[in-house]
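Pasting my_file10.txt here (compact mmCIF, C-alpha atoms):
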```
# COMPACT_ATOMS: atom_id res chain seq x y z
CA MET A 1 47.43 6.64 31.63
CA ALA A 2 49.37 8.85 33.99
CA ASN A 3 49.25 12.62 34.24
CA PHE A 4 52.70 14.14 34.15
CA ARG A 5 52.76 17.54 35.81
CA ILE A 6 56.02 19.04 34.63
CA GLN A 7 57.59 22.31 35.68
CA ARG A 8 58.39 24.47 32.65
CA TYR A 9 60.56 27.54 32.37
CA ASP A 10 61.90 29.24 29.27
CA PRO A 11 64.30 32.07 30.18
CA GLU A 12 63.50 33.88 26.92
CA LYS A 13 59.73 33.93 27.52
CA ASP A 14 58.83 33.26 31.13
CA SER A 15 59.47 35.38 34.19
CA ARG A 16 58.80 32.43 36.52
CA PRO A 17 58.24 28.68 36.19
CA TYR A 18 54.79 27.20 35.63
CA PHE A 19 53.35 23.70 35.36
CA GLN A 20 52.16 21.90 32.28
CA THR A 21 50.34 18.56 32.29
CA TYR A 22 50.76 15.74 29.77
CA GLU A 23 49.03 12.38 29.52
CA VAL A 24 51.39 9.46 29.08
CA PRO A 25 50.34 5.81 28.55
CA VAL A 26 52.50 4.35 31.27
CA GLU A 27 53.27 0.65 31.07
CA GLN A 28 55.03 -1.69 33.42
CA GLY A 29 58.78 -1.22 33.00
CA MET A 30 58.74 2.40 31.88
CA SER A 31 61.07 4.68 33.78
CA ILE A 32 60.32 8.36 34.32
CA LEU A 33 62.98 9.06 31.71
CA ASP A 34 61.13 6.85 29.20
CA CYS A 35 57.99 8.88 29.91
CA LEU A 36 59.86 12.17 29.39
CA PHE A 37 61.18 10.89 26.06
CA TYR A 38 57.61 9.90 25.14
CA ILE A 39 56.48 13.47 25.85
CA LYS A 40 59.39 14.99 23.94
CA GLU A 41 58.97 12.74 20.91
CA ARG A 42 55.18 12.65 20.65
CA LEU A 43 53.58 15.45 22.65
CA ASP A 44 55.84 18.47 23.07
CA ALA A 45 59.26 18.76 21.47
CA THR A 46 60.01 21.96 23.38
CA LEU A 47 60.43 20.12 26.69
CA SER A 48 64.06 20.23 27.83
CA PHE A 49 65.76 17.75 30.11
CA ARG A 50 69.22 16.27 30.44
CA ALA A 51 69.86 12.55 29.97
CA SER A 52 72.50 10.29 28.56
CA CYS A 53 73.21 6.71 29.59
CA ARG A 54 69.67 5.70 30.69
CA MET A 55 71.11 3.21 33.18
CA GLY A 56 72.13 5.09 36.30
CA ILE A 57 75.77 5.57 35.45
CA CYS A 58 76.13 9.09 34.04
CA GLY A 59 73.97 10.91 36.60
CA SER A 60 72.59 13.37 34.03
CA CYS A 61 68.87 12.84 34.59
CA ALA A 62 68.71 13.95 38.23
CA MET A 63 65.31 15.57 38.88
CA TYR A 64 62.83 16.19 41.65
CA ILE A 65 60.20 13.51 41.14
CA ASN A 66 57.12 13.21 43.39
CA GLY A 67 58.67 14.77 46.45
CA LEU A 68 62.23 13.45 46.27
CA PRO A 69 65.33 14.14 44.18
CA ARG A 70 65.90 11.00 42.08
CA LEU A 71 67.45 9.78 38.85
CA ALA A 72 64.68 9.69 36.23
CA CYS A 73 66.21 6.61 34.58
CA GLU A 74 66.27 4.62 37.82
CA THR A 75 62.73 5.53 38.88
CA GLN A 76 60.05 3.22 37.58
CA ALA A 77 56.84 5.14 36.86
CA THR A 78 54.64 2.38 38.31
CA SER A 79 56.74 2.25 41.50
CA LEU A 80 55.43 5.69 42.45
CA ALA A 81 51.95 4.13 42.82
CA THR A 82 50.08 7.23 41.67
CA ASP A 83 48.47 8.49 38.48
CA THR A 84 49.80 12.00 38.95
CA ILE A 85 53.55 12.32 38.65
CA GLU A 86 55.13 15.67 39.32
CA VAL A 87 58.54 16.36 37.84
CA ARG A 88 60.50 19.48 38.75
CA PRO A 89 64.10 20.54 38.26
CA LEU A 90 66.48 19.90 41.16
CA PRO A 91 66.14 22.44 43.96
CA ASN A 92 69.10 24.53 45.20
CA TYR A 93 70.48 25.09 41.69
CA GLU A 94 69.71 27.71 39.06
CA ILE A 95 67.30 26.60 36.36
CA ILE A 96 68.63 26.99 32.81
CA LYS A 97 65.48 25.72 31.08
CA ASP A 98 62.61 23.42 32.13
CA LEU A 99 64.24 20.48 33.95
CA VAL A 100 67.83 21.45 33.15
CA VAL A 101 69.74 23.03 36.03
CA ASP A 102 73.20 24.54 36.18
CA LEU A 103 75.43 22.05 37.98
CA SER A 104 78.56 24.24 37.81
CA PRO A 105 78.56 24.99 41.59
CA LEU A 106 78.66 21.22 42.22
CA PHE A 107 81.64 20.72 39.92
CA GLU A 108 83.44 23.79 41.24
CA LYS A 109 83.07 22.61 44.85
CA HIS A 110 84.11 19.09 43.85
CA GLN A 111 87.27 20.47 42.28
CA ARG A 112 87.99 22.60 45.36
CA VAL A 113 88.61 19.52 47.57
CA ARG A 114 91.32 18.26 45.18
CA PRO A 115 89.62 15.00 44.22
CA TRP A 116 92.67 13.18 42.95
CA ILE A 117 95.49 11.21 44.52
CA ILE A 118 98.22 13.50 45.77
CA PRO A 119 101.10 11.06 46.28
CA TYR A 120 103.71 11.32 49.03
CA GLU A 121 106.50 11.24 46.49
CA LEU A 122 105.75 13.38 43.46
CA GLU A 123 108.71 11.86 41.69
CA GLU A 124 107.04 8.45 41.99
CA LEU A 125 103.96 9.86 40.26
CA ASP A 126 105.91 11.20 37.29
CA ARG A 127 108.48 8.43 37.03
CA PRO A 128 107.10 5.32 38.70
CA THR A 129 109.67 2.74 39.74
CA LYS A 130 107.57 0.66 42.10
CA GLU A 131 104.02 -0.53 42.67
CA TYR A 132 101.59 0.50 45.40
CA VAL A 133 100.26 -2.35 47.50
CA GLN A 134 96.73 -1.86 48.78
CA SER A 135 94.85 -4.63 50.58
CA PRO A 136 91.13 -5.31 49.94
CA ALA A 137 90.42 -4.04 53.48
CA GLU A 138 92.19 -0.77 52.69
CA LEU A 139 90.26 -0.50 49.43
CA GLU A 140 86.92 -0.92 51.19
CA LYS A 141 87.63 2.08 53.41
CA TYR A 142 86.98 4.38 50.45
CA LEU A 143 85.45 2.23 47.69
CA GLN A 144 81.86 3.13 48.60
CA PHE A 145 82.57 6.84 48.20
CA ALA A 146 84.33 6.31 44.88
CA TYR A 147 81.01 5.37 43.25
CA CYS A 148 79.84 9.01 43.24
CA LEU A 149 78.20 9.95 39.90
CA LYS A 150 78.30 13.74 40.45
CA CYS A 151 74.56 13.73 39.73
CA GLY A 152 73.95 16.47 42.31
CA LEU A 153 70.98 14.83 44.06
CA CYS A 154 72.59 15.19 47.50
CA LEU A 155 72.97 18.96 47.17
CA ALA A 156 69.32 19.21 46.18
CA ALA A 157 68.30 17.26 49.29
CA CYS A 158 70.58 18.98 51.81
CA PRO A 159 68.77 21.49 54.09
CA THR A 160 71.99 23.43 54.71
CA MET A 161 72.40 23.94 50.95
CA ALA A 162 68.91 25.48 50.93
CA THR A 163 70.21 28.57 52.71
CA ASP A 164 74.02 28.47 52.56
CA ASN A 165 75.32 29.06 49.09
CA GLU A 166 78.92 28.77 50.27
CA PHE A 167 78.51 25.35 51.94
CA ILE A 168 80.88 22.94 50.21
CA GLY A 169 78.13 20.35 50.20
CA PRO A 170 77.83 16.62 50.81
CA GLN A 171 79.23 15.56 47.44
CA ALA A 172 82.55 17.38 47.72
CA LEU A 173 82.94 16.56 51.42
CA ALA A 174 82.42 12.86 50.69
CA GLN A 175 85.06 13.06 47.98
CA ALA A 176 87.49 14.75 50.36
CA PHE A 177 87.00 11.79 52.72
CA ARG A 178 87.33 9.32 49.86
CA TYR A 179 90.80 10.60 48.91
CA ASN A 180 91.90 11.18 52.52
CA SER A 181 91.09 7.51 53.20
CA ASP A 182 93.16 6.26 50.31
CA THR A 183 96.45 4.79 51.49
CA ARG A 184 98.20 5.96 48.30
CA ASP A 185 97.31 9.55 49.06
CA GLY A 186 99.26 12.06 51.10
CA GLY A 187 97.14 15.16 50.49
CA ASP A 188 95.15 15.23 53.77
CA ALA A 189 96.49 18.60 54.90
CA GLU A 190 95.54 20.29 51.62
CA ARG A 191 91.99 18.96 51.77
CA ILE A 192 91.52 19.64 55.48
CA ALA A 193 92.46 23.27 54.81
CA VAL A 194 89.46 23.40 52.45
CA VAL A 195 86.90 21.40 54.43
CA ASP A 196 87.68 22.33 58.05
CA THR A 197 86.28 25.82 57.53
CA LEU A 198 83.24 27.93 58.34
CA HIS A 199 81.26 26.68 55.33
CA GLY A 200 82.79 23.21 55.34
CA LEU A 201 82.51 20.12 57.49
CA TRP A 202 80.84 21.76 60.49
CA ARG A 203 77.86 23.10 58.55
CA CYS A 204 76.58 19.53 58.26
CA HIS A 205 74.17 18.68 61.09
CA MET A 206 73.36 15.13 60.08
CA ALA A 207 69.93 15.66 58.55
CA GLY A 208 70.82 12.59 56.51
CA ALA A 209 68.85 13.65 53.43
CA CYS A 210 71.92 13.24 51.18
CA ALA A 211 72.34 9.62 52.25
CA GLU A 212 68.65 8.94 51.70
CA VAL A 213 68.60 10.13 48.09
CA CYS A 214 72.00 8.91 46.86
CA PRO A 215 71.29 6.50 43.98
CA LYS A 216 74.61 4.67 44.39
CA GLY A 217 74.77 4.12 48.14
CA VAL A 218 77.70 6.53 48.40
CA ASP A 219 76.31 7.84 51.69
CA PRO A 220 77.91 11.29 51.94
CA ALA A 221 76.48 11.70 55.47
CA LEU A 222 78.61 8.77 56.66
CA ALA A 223 81.75 10.21 55.08
CA ILE A 224 81.18 13.63 56.63
CA GLN A 225 80.59 12.29 60.15
CA LEU A 226 83.67 10.07 59.92
CA MET A 227 85.69 13.08 58.78
CA LYS A 228 84.39 15.07 61.78
CA ARG A 229 85.46 12.22 64.01
CA GLU A 230 88.95 12.35 62.51
CA ALA A 231 89.03 16.12 62.98
CA VAL A 232 88.17 15.72 66.69
CA PHE A 233 90.16 12.63 67.66
CA GLY A 234 92.92 12.76 65.06
CA LYS A 235 93.77 10.10 62.59
CA LYS A 236 96.53 7.59 62.15
CA LYS A 237 97.01 7.40 58.42
CA GLU A 238 98.18 4.16 56.98
CA ARG A 239 100.46 4.43 54.02
CA ALA A 240 100.43 2.09 51.06
CA ARG A 241 103.67 0.20 50.73
CA LEU A 242 105.74 0.60 47.62
CA VAL A 243 107.17 -2.68 46.41
CA ASP A 244 109.36 -3.70 43.55
CA PRO A 245 107.29 -5.09 40.71
CA ARG A 246 107.79 -8.76 39.99
CA CYS A 247 108.64 -8.26 36.36
CA GLY A 248 110.66 -5.11 36.76
CA VAL A 249 109.90 -1.66 35.43
CA THR A 250 111.82 0.40 32.98
CA PRO A 251 111.14 4.01 33.90
CA LEU A 252 109.92 5.95 30.93
CA PRO A 253 112.14 8.83 29.88
CA GLY A 254 109.14 11.12 29.55
CA ILE A 255 105.45 11.17 28.83
CA PRO A 256 104.91 8.89 25.86
CA LYS A 257 103.68 10.39 22.64
CA ALA A 258 99.97 10.00 22.06
CA PRO A 259 99.07 7.53 19.31
CA GLU A 260 97.92 8.85 15.97
CA PRO A 261 94.15 9.48 15.93
CA THR A 262 92.22 6.81 14.08
CA VAL A 263 89.68 9.37 12.81
CA LYS A 264 90.90 12.35 10.82
CA ARG A 265 89.83 15.65 12.32
CA SER A 266 88.14 18.13 10.00
CA GLU A 267 89.98 21.38 9.35
CA GLY A 268 89.49 24.19 11.82
CA LYS A 269 87.86 21.98 14.46
CA ARG A 270 89.45 20.91 17.69
CA MET B 1 71.20 34.18 29.61
CA ARG B 2 68.70 34.67 32.41
CA ARG B 3 68.55 31.96 35.06
CA TYR B 4 65.86 31.21 37.60
CA ASN B 5 67.18 30.81 41.13
CA ASN B 6 65.66 27.64 42.55
CA ARG B 7 67.28 27.79 46.00
CA LEU B 8 64.73 26.68 48.58
CA GLY B 9 65.70 29.10 51.35
CA ILE B 10 64.39 28.68 54.89
CA ARG B 11 61.28 26.84 53.66
CA GLY B 12 63.77 24.17 52.53
CA TRP B 13 64.59 23.54 56.20
CA ILE B 14 60.93 23.06 57.04
CA TYR B 15 59.77 20.91 54.14
CA ALA B 16 61.52 19.81 50.98
CA GLY B 17 60.01 16.42 50.24
CA ASN B 18 59.24 12.97 51.60
CA TYR B 19 62.38 12.53 53.67
CA GLY B 20 62.87 10.65 56.92
CA LEU B 21 62.21 12.21 60.31
CA GLU B 22 65.88 13.23 60.76
CA ARG B 23 65.58 16.05 58.23
CA TYR B 24 62.68 17.52 60.23
CA LEU B 25 64.61 17.09 63.47
CA TYR B 26 67.32 19.24 61.83
CA PHE B 27 64.79 22.08 61.55
CA LEU B 28 63.37 21.54 65.06
CA HIS B 29 66.89 21.51 66.49
CA ARG B 30 67.69 24.85 64.85
CA ILE B 31 64.43 26.45 65.92
CA SER B 32 64.66 25.16 69.50
CA GLY B 33 68.27 26.40 69.68
CA LEU B 34 67.29 29.87 68.48
CA GLY B 35 64.34 29.84 70.91
CA LEU B 36 66.66 29.01 73.83
CA ILE B 37 69.05 31.84 72.88
CA PHE B 38 66.07 34.22 72.64
CA TYR B 39 64.86 33.05 76.08
CA LEU B 40 68.34 33.55 77.56
CA LEU B 41 68.36 37.19 76.42
CA LEU B 42 64.81 37.65 77.72
CA HIS B 43 65.75 36.02 81.02
CA ILE B 44 68.73 38.34 81.50
CA GLY B 45 66.47 41.30 80.73
CA VAL B 46 63.74 40.21 83.17
CA THR B 47 66.01 39.30 86.08
CA SER B 48 67.90 42.59 85.71
CA ALA B 49 64.70 44.29 86.99
CA ARG B 50 66.08 43.47 90.47
CA ILE B 51 68.67 46.26 90.21
CA TYR B 52 65.84 48.79 90.24
CA GLY B 53 64.78 47.65 93.72
CA GLY B 54 62.35 45.24 95.37
CA ALA B 55 59.19 46.98 94.10
CA ALA B 56 60.29 46.79 90.46
CA TRP B 57 61.15 43.13 90.94
CA GLU B 58 57.75 42.34 92.49
CA GLN B 59 55.99 44.18 89.68
CA THR B 60 57.90 42.24 87.00
CA MET B 61 57.19 38.97 88.75
CA SER B 62 53.47 39.72 88.91
CA LEU B 63 53.52 40.26 85.15
CA LEU B 64 54.94 36.79 84.71
CA SER B 65 52.51 34.73 86.72
CA GLY B 66 49.52 34.23 84.40
CA PRO B 67 48.49 30.90 82.77
CA ALA B 68 49.91 32.04 79.42
CA PHE B 69 53.29 32.43 81.08
CA LYS B 70 53.00 28.94 82.53
CA LEU B 71 52.35 27.55 79.05
CA GLY B 72 55.31 29.57 77.77
CA GLU B 73 57.48 28.07 80.50
CA TYR B 74 56.38 24.59 79.47
CA VAL B 75 57.21 25.32 75.81
CA LEU B 76 60.62 26.51 76.98
CA MET B 77 61.07 23.34 79.01
CA ALA B 78 60.01 21.25 75.99
CA GLY B 79 62.48 23.13 73.77
CA ALA B 80 65.29 22.57 76.27
CA ILE B 81 64.49 18.84 76.65
CA PHE B 82 64.32 18.34 72.88
CA HIS B 83 67.47 20.34 72.17
CA ALA B 84 69.46 18.54 74.87
CA ALA B 85 68.39 15.00 73.99
CA ASN B 86 68.53 15.46 70.22
CA GLY B 87 71.86 17.25 70.67
CA LEU B 88 73.24 14.16 72.41
CA ARG B 89 72.06 12.04 69.48
CA LEU B 90 73.80 14.42 67.10
CA ILE B 91 77.03 14.34 69.13
CA ILE B 92 76.95 10.54 69.06
CA THR B 93 76.34 10.33 65.31
CA GLU B 94 78.65 13.21 64.39
CA LEU B 95 81.46 11.46 66.20
CA GLY B 96 80.93 8.52 63.89
CA MET B 97 79.08 6.23 66.30
CA CYS B 98 75.89 4.25 65.50
CA ILE B 99 76.11 5.13 61.78
CA GLY B 100 78.00 2.10 60.51
CA THR B 101 81.34 1.86 58.76
CA PRO B 102 82.30 2.19 55.10
CA GLY B 103 82.11 -0.98 53.07
CA ARG B 104 81.06 -2.57 49.84
CA GLN B 105 77.47 -1.49 49.11
CA GLU B 106 74.87 -3.88 47.83
CA TYR B 107 71.43 -2.96 46.59
CA PRO B 108 69.13 -2.12 48.36
CA TYR B 109 71.50 0.27 50.09
CA VAL B 110 71.25 0.77 53.83
CA SER B 111 72.38 4.32 54.57
CA SER B 112 73.95 5.72 57.72
CA VAL B 113 70.65 7.46 58.49
CA ARG B 114 68.85 4.13 58.52
CA LYS B 115 71.58 2.67 60.74
CA GLN B 116 71.17 5.39 63.37
CA ARG B 117 67.37 5.25 63.25
CA ARG B 118 67.07 2.98 66.27
CA LEU B 119 69.08 5.50 68.29
CA MET B 120 66.81 8.27 67.00
CA ILE B 121 63.67 6.35 68.04
CA VAL B 122 65.09 5.70 71.54
CA VAL B 123 65.95 9.41 71.89
CA MET B 124 62.45 10.42 70.74
CA ILE B 125 60.88 8.06 73.30
CA ILE B 126 63.09 9.58 76.03
CA ILE B 127 61.99 13.06 74.92
CA ALA B 128 58.31 12.05 74.96
CA VAL B 129 58.62 10.56 78.46
CA LEU B 130 60.43 13.65 79.78
CA LEU B 131 57.80 15.93 78.18
CA LEU B 132 55.06 13.89 79.83
CA ILE B 133 56.69 13.96 83.26
CA SER B 134 57.41 17.69 83.04
CA GLY B 135 53.83 18.30 81.78
CA VAL B 136 52.36 16.48 84.78
CA ASP B 137 54.67 18.42 87.08
CA PHE B 138 53.77 21.75 85.45
CA PHE B 139 50.02 21.47 85.09
CA ILE B 140 48.72 18.79 87.46
CA LEU B 141 50.89 18.56 90.56
```
Would you put the structure from the file into structure tokens?
Amino acid sequence: MANFRIQRYDPEKDSRPYFQTYEVPVEQGMSILDCLFYIKERLDATLSFRASCRMGICGSCAMYINGLPRLACETQATSLATDTIEVRPLPNYEIIKDLVVDLSPLFEKHQRVRPWIIPYELEELDRPTKEYVQSPAELEKYLQFAYCLKCGLCLAACPTMATDNEFIGPQALAQAFRYNSDTRDGGDAERIAVVDTLHGLWRCHMAGACAEVCPKGVDPALAIQLMKREAVFGKKKERARLVDPRCGVTPLPGIPKAPEPTVKRSEGKR
Amino acid sequence: MRRYNNRLGIRGWIYAGNYGLERYLYFLHRISGLGLIFYLLLHIGVTSARIYGGAAWEQTMSLLSGPAFKLGEYVLMAGAIFHAANGLRLIITELGMCIGTPGRQEYPYVSSVRKQRRLMIVVMIIIAVLLLISGVDFFIL
């Protein structure tokens, strides 16, 4: 048996959060998420938390578990080596209910750094005639950062985020570096205008907490320091070559029509 | 719908969980930096007593000669040593050195913080040695 001390907060009833304790028969192999489902299904159906894939891919179940922000699905209950497990919502976000926090600031900041490939030739994006050639070595310059789940753990761990609401944050900064390091991308100037600012790159002071808690080894701290290095010493950007495809390409006259949906939509619903 | 603001604030600099030492060095670096700025202002204020003549200067100096002031001076020295040495570590890491390079990640992940830890330990040893030497110089010799 393990005692789960869970932070509760219902915006309609409570003025501030409080803790509630549940007893869960923990067995080898149970993740914290399994334990939360046990509580929800058998002990208290009013407990709210966010979860989806249960296998560390969607990043929905990010919580503050026994002193560290972690994914509930990737944290084995027995690995914590204690009978008292404390689960709180992620710090540095607003709590919607119980363990559910509002991740909108994370997504808004992520969007601000233009996390998509901005090609050198826009015409090539709309009407491709050739193929980009990217070597495995070029891929590995950004691949690590492309594994970001947008779970928000890094923003919960970051000490700068604790006081600076405007700080772009480790997640978005890492994504700016990810796309700046892509040889197919030509949008460096647009992203640098966003990150090389008062609440951007230079607010990071290498506390390293983001890198410690990242469940996918994305290591935002590494990306940010490398971006600072580029900002100081400059950067020689390599550009992906465009080559003629072996089998030839017939440029499409326009965006192709979407196929007919296989499931009929009900009236009045989108 | 009402929301509860869960931002940690300044206490989030001091303690936010079971992180590595680097996150606490972040707080110490900030505090020592603010302390040094505060001392600089105080220092300018104290030394400006000289413009009011020799007597005023002597009087100010006599105020600043007790054992508490000596301890204060040592704390200042400690703050300056820490801020300088840790600052060098930060310059090294923030310029992308000793933190590794991007690559394919395999579990268990070794983060950039772990990669710079040896540098951090060396810097902390240097700080401890300098604090010891300055302590002997301040209080024993």
Show me, as a PDB file with C-alpha atoms, keeping the file's coordinate frame, the residues of chain B whose atoms get within 10 Å of chain A, using all atoms listed in the file for the distance check.
```
ATOM      1  CA  MET B   1      71.200  34.180  29.610  1.00  0.00           C
ATOM      2  CA  ARG B   2      68.700  34.670  32.410  1.00  0.00           C
ATOM      3  CA  ARG B   3      68.550  31.960  35.060  1.00  0.00           C
ATOM      4  CA  TYR B   4      65.860  31.210  37.600  1.00  0.00           C
ATOM      5  CA  ASN B   5      67.180  30.810  41.130  1.00  0.00           C
ATOM      6  CA  ASN B   6      65.660  27.640  42.550  1.00  0.00           C
ATOM      7  CA  ARG B   7      67.280  27.790  46.000  1.00  0.00           C
ATOM      8  CA  LEU B   8      64.730  26.680  48.580  1.00  0.00           C
ATOM      9  CA  GLY B   9      65.700  29.100  51.350  1.00  0.00           C
ATOM     10  CA  ILE B  10      64.390  28.680  54.890  1.00  0.00           C
ATOM     11  CA  ARG B  11      61.280  26.840  53.660  1.00  0.00           C
ATOM     12  CA  GLY B  12      63.770  24.170  52.530  1.00  0.00           C
ATOM     13  CA  TRP B  13      64.590  23.540  56.200  1.00  0.00           C
ATOM     14  CA  ILE B  14      60.930  23.060  57.040  1.00  0.00           C
ATOM     15  CA  TYR B  15      59.770  20.910  54.140  1.00  0.00           C
ATOM     16  CA  ALA B  16      61.520  19.810  50.980  1.00  0.00           C
ATOM     17  CA  GLY B  17      60.010  16.420  50.240  1.00  0.00           C
ATOM     18  CA  ASN B  18      59.240  12.970  51.600  1.00  0.00           C
ATOM     19  CA  TYR B  19      62.380  12.530  53.670  1.00  0.00           C
ATOM     20  CA  GLY B  20      62.870  10.650  56.920  1.00  0.00           C
ATOM     21  CA  LEU B  21      62.210  12.210  60.310  1.00  0.00           C
ATOM     22  CA  GLU B  22      65.880  13.230  60.760  1.00  0.00           C
ATOM     23  CA  ARG B  23      65.580  16.050  58.230  1.00  0.00           C
ATOM     24  CA  TYR B  24      62.680  17.520  60.230  1.00  0.00           C
ATOM     25  CA  LEU B  25      64.610  17.090  63.470  1.00  0.00           C
ATOM     26  CA  TYR B  26      67.320  19.240  61.830  1.00  0.00           C
ATOM     27  CA  PHE B  27      64.790  22.080  61.550  1.00  0.00           C
ATOM     28  CA  HIS B  29      66.890  21.510  66.490  1.00  0.00           C
ATOM     29  CA  ARG B  30      67.690  24.850  64.850  1.00  0.00           C
ATOM     30  CA  GLY B  87      71.860  17.250  70.670  1.00  0.00           C
ATOM     31  CA  ARG B  89      72.060  12.040  69.480  1.00  0.00           C
ATOM     32  CA  LEU B  90      73.800  14.420  67.100  1.00  0.00           C
ATOM     33  CA  ILE B  91      77.030  14.340  69.130  1.00  0.00           C
ATOM     34  CA  ILE B  92      76.950  10.540  69.060  1.00  0.00           C
ATOM     35  CA  THR B  93      76.340  10.330  65.310  1.00  0.00           C
ATOM     36  CA  GLU B  94      78.650  13.210  64.390  1.00  0.00           C
ATOM     37  CA  LEU B  95      81.460  11.460  66.200  1.00  0.00           C
ATOM     38  CA  GLY B  96      80.930   8.520  63.890  1.00  0.00           C
ATOM     39  CA  MET B  97      79.080   6.230  66.300  1.00  0.00           C
ATOM     40  CA  ILE B  99      76.110   5.130  61.780  1.00  0.00           C
ATOM     41  CA  GLY B 100      78.000   2.100  60.510  1.00  0.00           C
ATOM     42  CA  THR B 101      81.340   1.860  58.760  1.00  0.00           C
ATOM     43  CA  PRO B 102      82.300   2.190  55.100  1.00  0.00           C
ATOM     44  CA  GLY B 103      82.110  -0.980  53.070  1.00  0.00           C
ATOM     45  CA  ARG B 104      81.060  -2.570  49.840  1.00  0.00           C
ATOM     46  CA  GLN B 105      77.470  -1.490  49.110  1.00  0.00           C
ATOM     47  CA  GLU B 106      74.870  -3.880  47.830  1.00  0.00           C
ATOM     48  CA  TYR B 107      71.430  -2.960  46.590  1.00  0.00           C
ATOM     49  CA  PRO B 108      69.130  -2.120  48.360  1.00  0.00           C
ATOM     50  CA  TYR B 109      71.500   0.270  50.090  1.00  0.00           C
ATOM     51  CA  VAL B 110      71.250   0.770  53.830  1.00  0.00           C
ATOM     52  CA  SER B 111      72.380   4.320  54.570  1.00  0.00           C
ATOM     53  CA  SER B 112      73.950   5.720  57.720  1.00  0.00           C
ATOM     54  CA  VAL B 113      70.650   7.460  58.490  1.00  0.00           C
ATOM     55  CA  ARG B 114      68.850   4.130  58.520  1.00  0.00           C
ATOM     56  CA  GLN B 116      71.170   5.390  63.370  1.00  0.00           C
TER      57      GLN B 116
END
```
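The closest residue to Leu131 (chain B), picked from B:Leu76, B:Ile37, B:Leu63, B:Leu88 and counting only C-alpha atoms, is B:Leu76.
Closest approach to Lys150 (chain A) among A:Leu36, A:Ala172, A:Ile118, A:Leu198: A:Ala172, based on all atoms listed in the file.
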Compile the contact shell of region 134-136 of chain B as a PyMOL selection string: residues with an atom at most 10 Å away, counting only C-alpha atoms, same-chain residues fewer than 6 positions apart removed. chain B and resi 71+74-75+77-78+81+128
Taking only C-alpha atoms into account, which of A:Arg88, A:Arg70, A:Lys13, A:Arg112 comes nearest Ile192 (chain A)? A:Arg112
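Reported to one decimal place, the separation of CA of Gly169 (chain A) from CA of Cys58 (chain A) is 19.8 Å.
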I want to know what sits within 12 Å of Ser48 (chain B), based on all atoms listed in the file, with residues of the same chain fewer than 5 positions away left out; could you give that as a PDB file with C-alpha atoms, in the frame of the given file?
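Written out: around22.pdb:
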```
ATOM      1  CA  LEU B  41      68.360  37.190  76.420  1.00  0.00           C
ATOM      2  CA  LEU B  42      64.810  37.650  77.720  1.00  0.00           C
ATOM      3  CA  HIS B  43      65.750  36.020  81.020  1.00  0.00           C
ATOM      4  CA  GLY B  53      64.780  47.650  93.720  1.00  0.00           C
ATOM      5  CA  GLY B  54      62.350  45.240  95.370  1.00  0.00           C
ATOM      6  CA  ALA B  56      60.290  46.790  90.460  1.00  0.00           C
ATOM      7  CA  TRP B  57      61.150  43.130  90.940  1.00  0.00           C
ATOM      8  CA  THR B  60      57.900  42.240  87.000  1.00  0.00           C
ATOM      9  CA  MET B  61      57.190  38.970  88.750  1.00  0.00           C
TER      10      MET B  61
END
```
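Relative to CA of Ala146 (chain A), CA of Arg117 (chain B) is found at 25.0 Å.
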Which distance in Å separates CA of Ala2 (chain A) and CA of Gly56 (chain A), to one decimal? 23.2 Å
Near region 127-131 of chain A, counting all atoms listed in the file, which residues have an atom at most 6 Å away, once you skip same-chain residues fewer than 4 positions from it, shown as a ChimeraX atom specification? /A:123,242-245
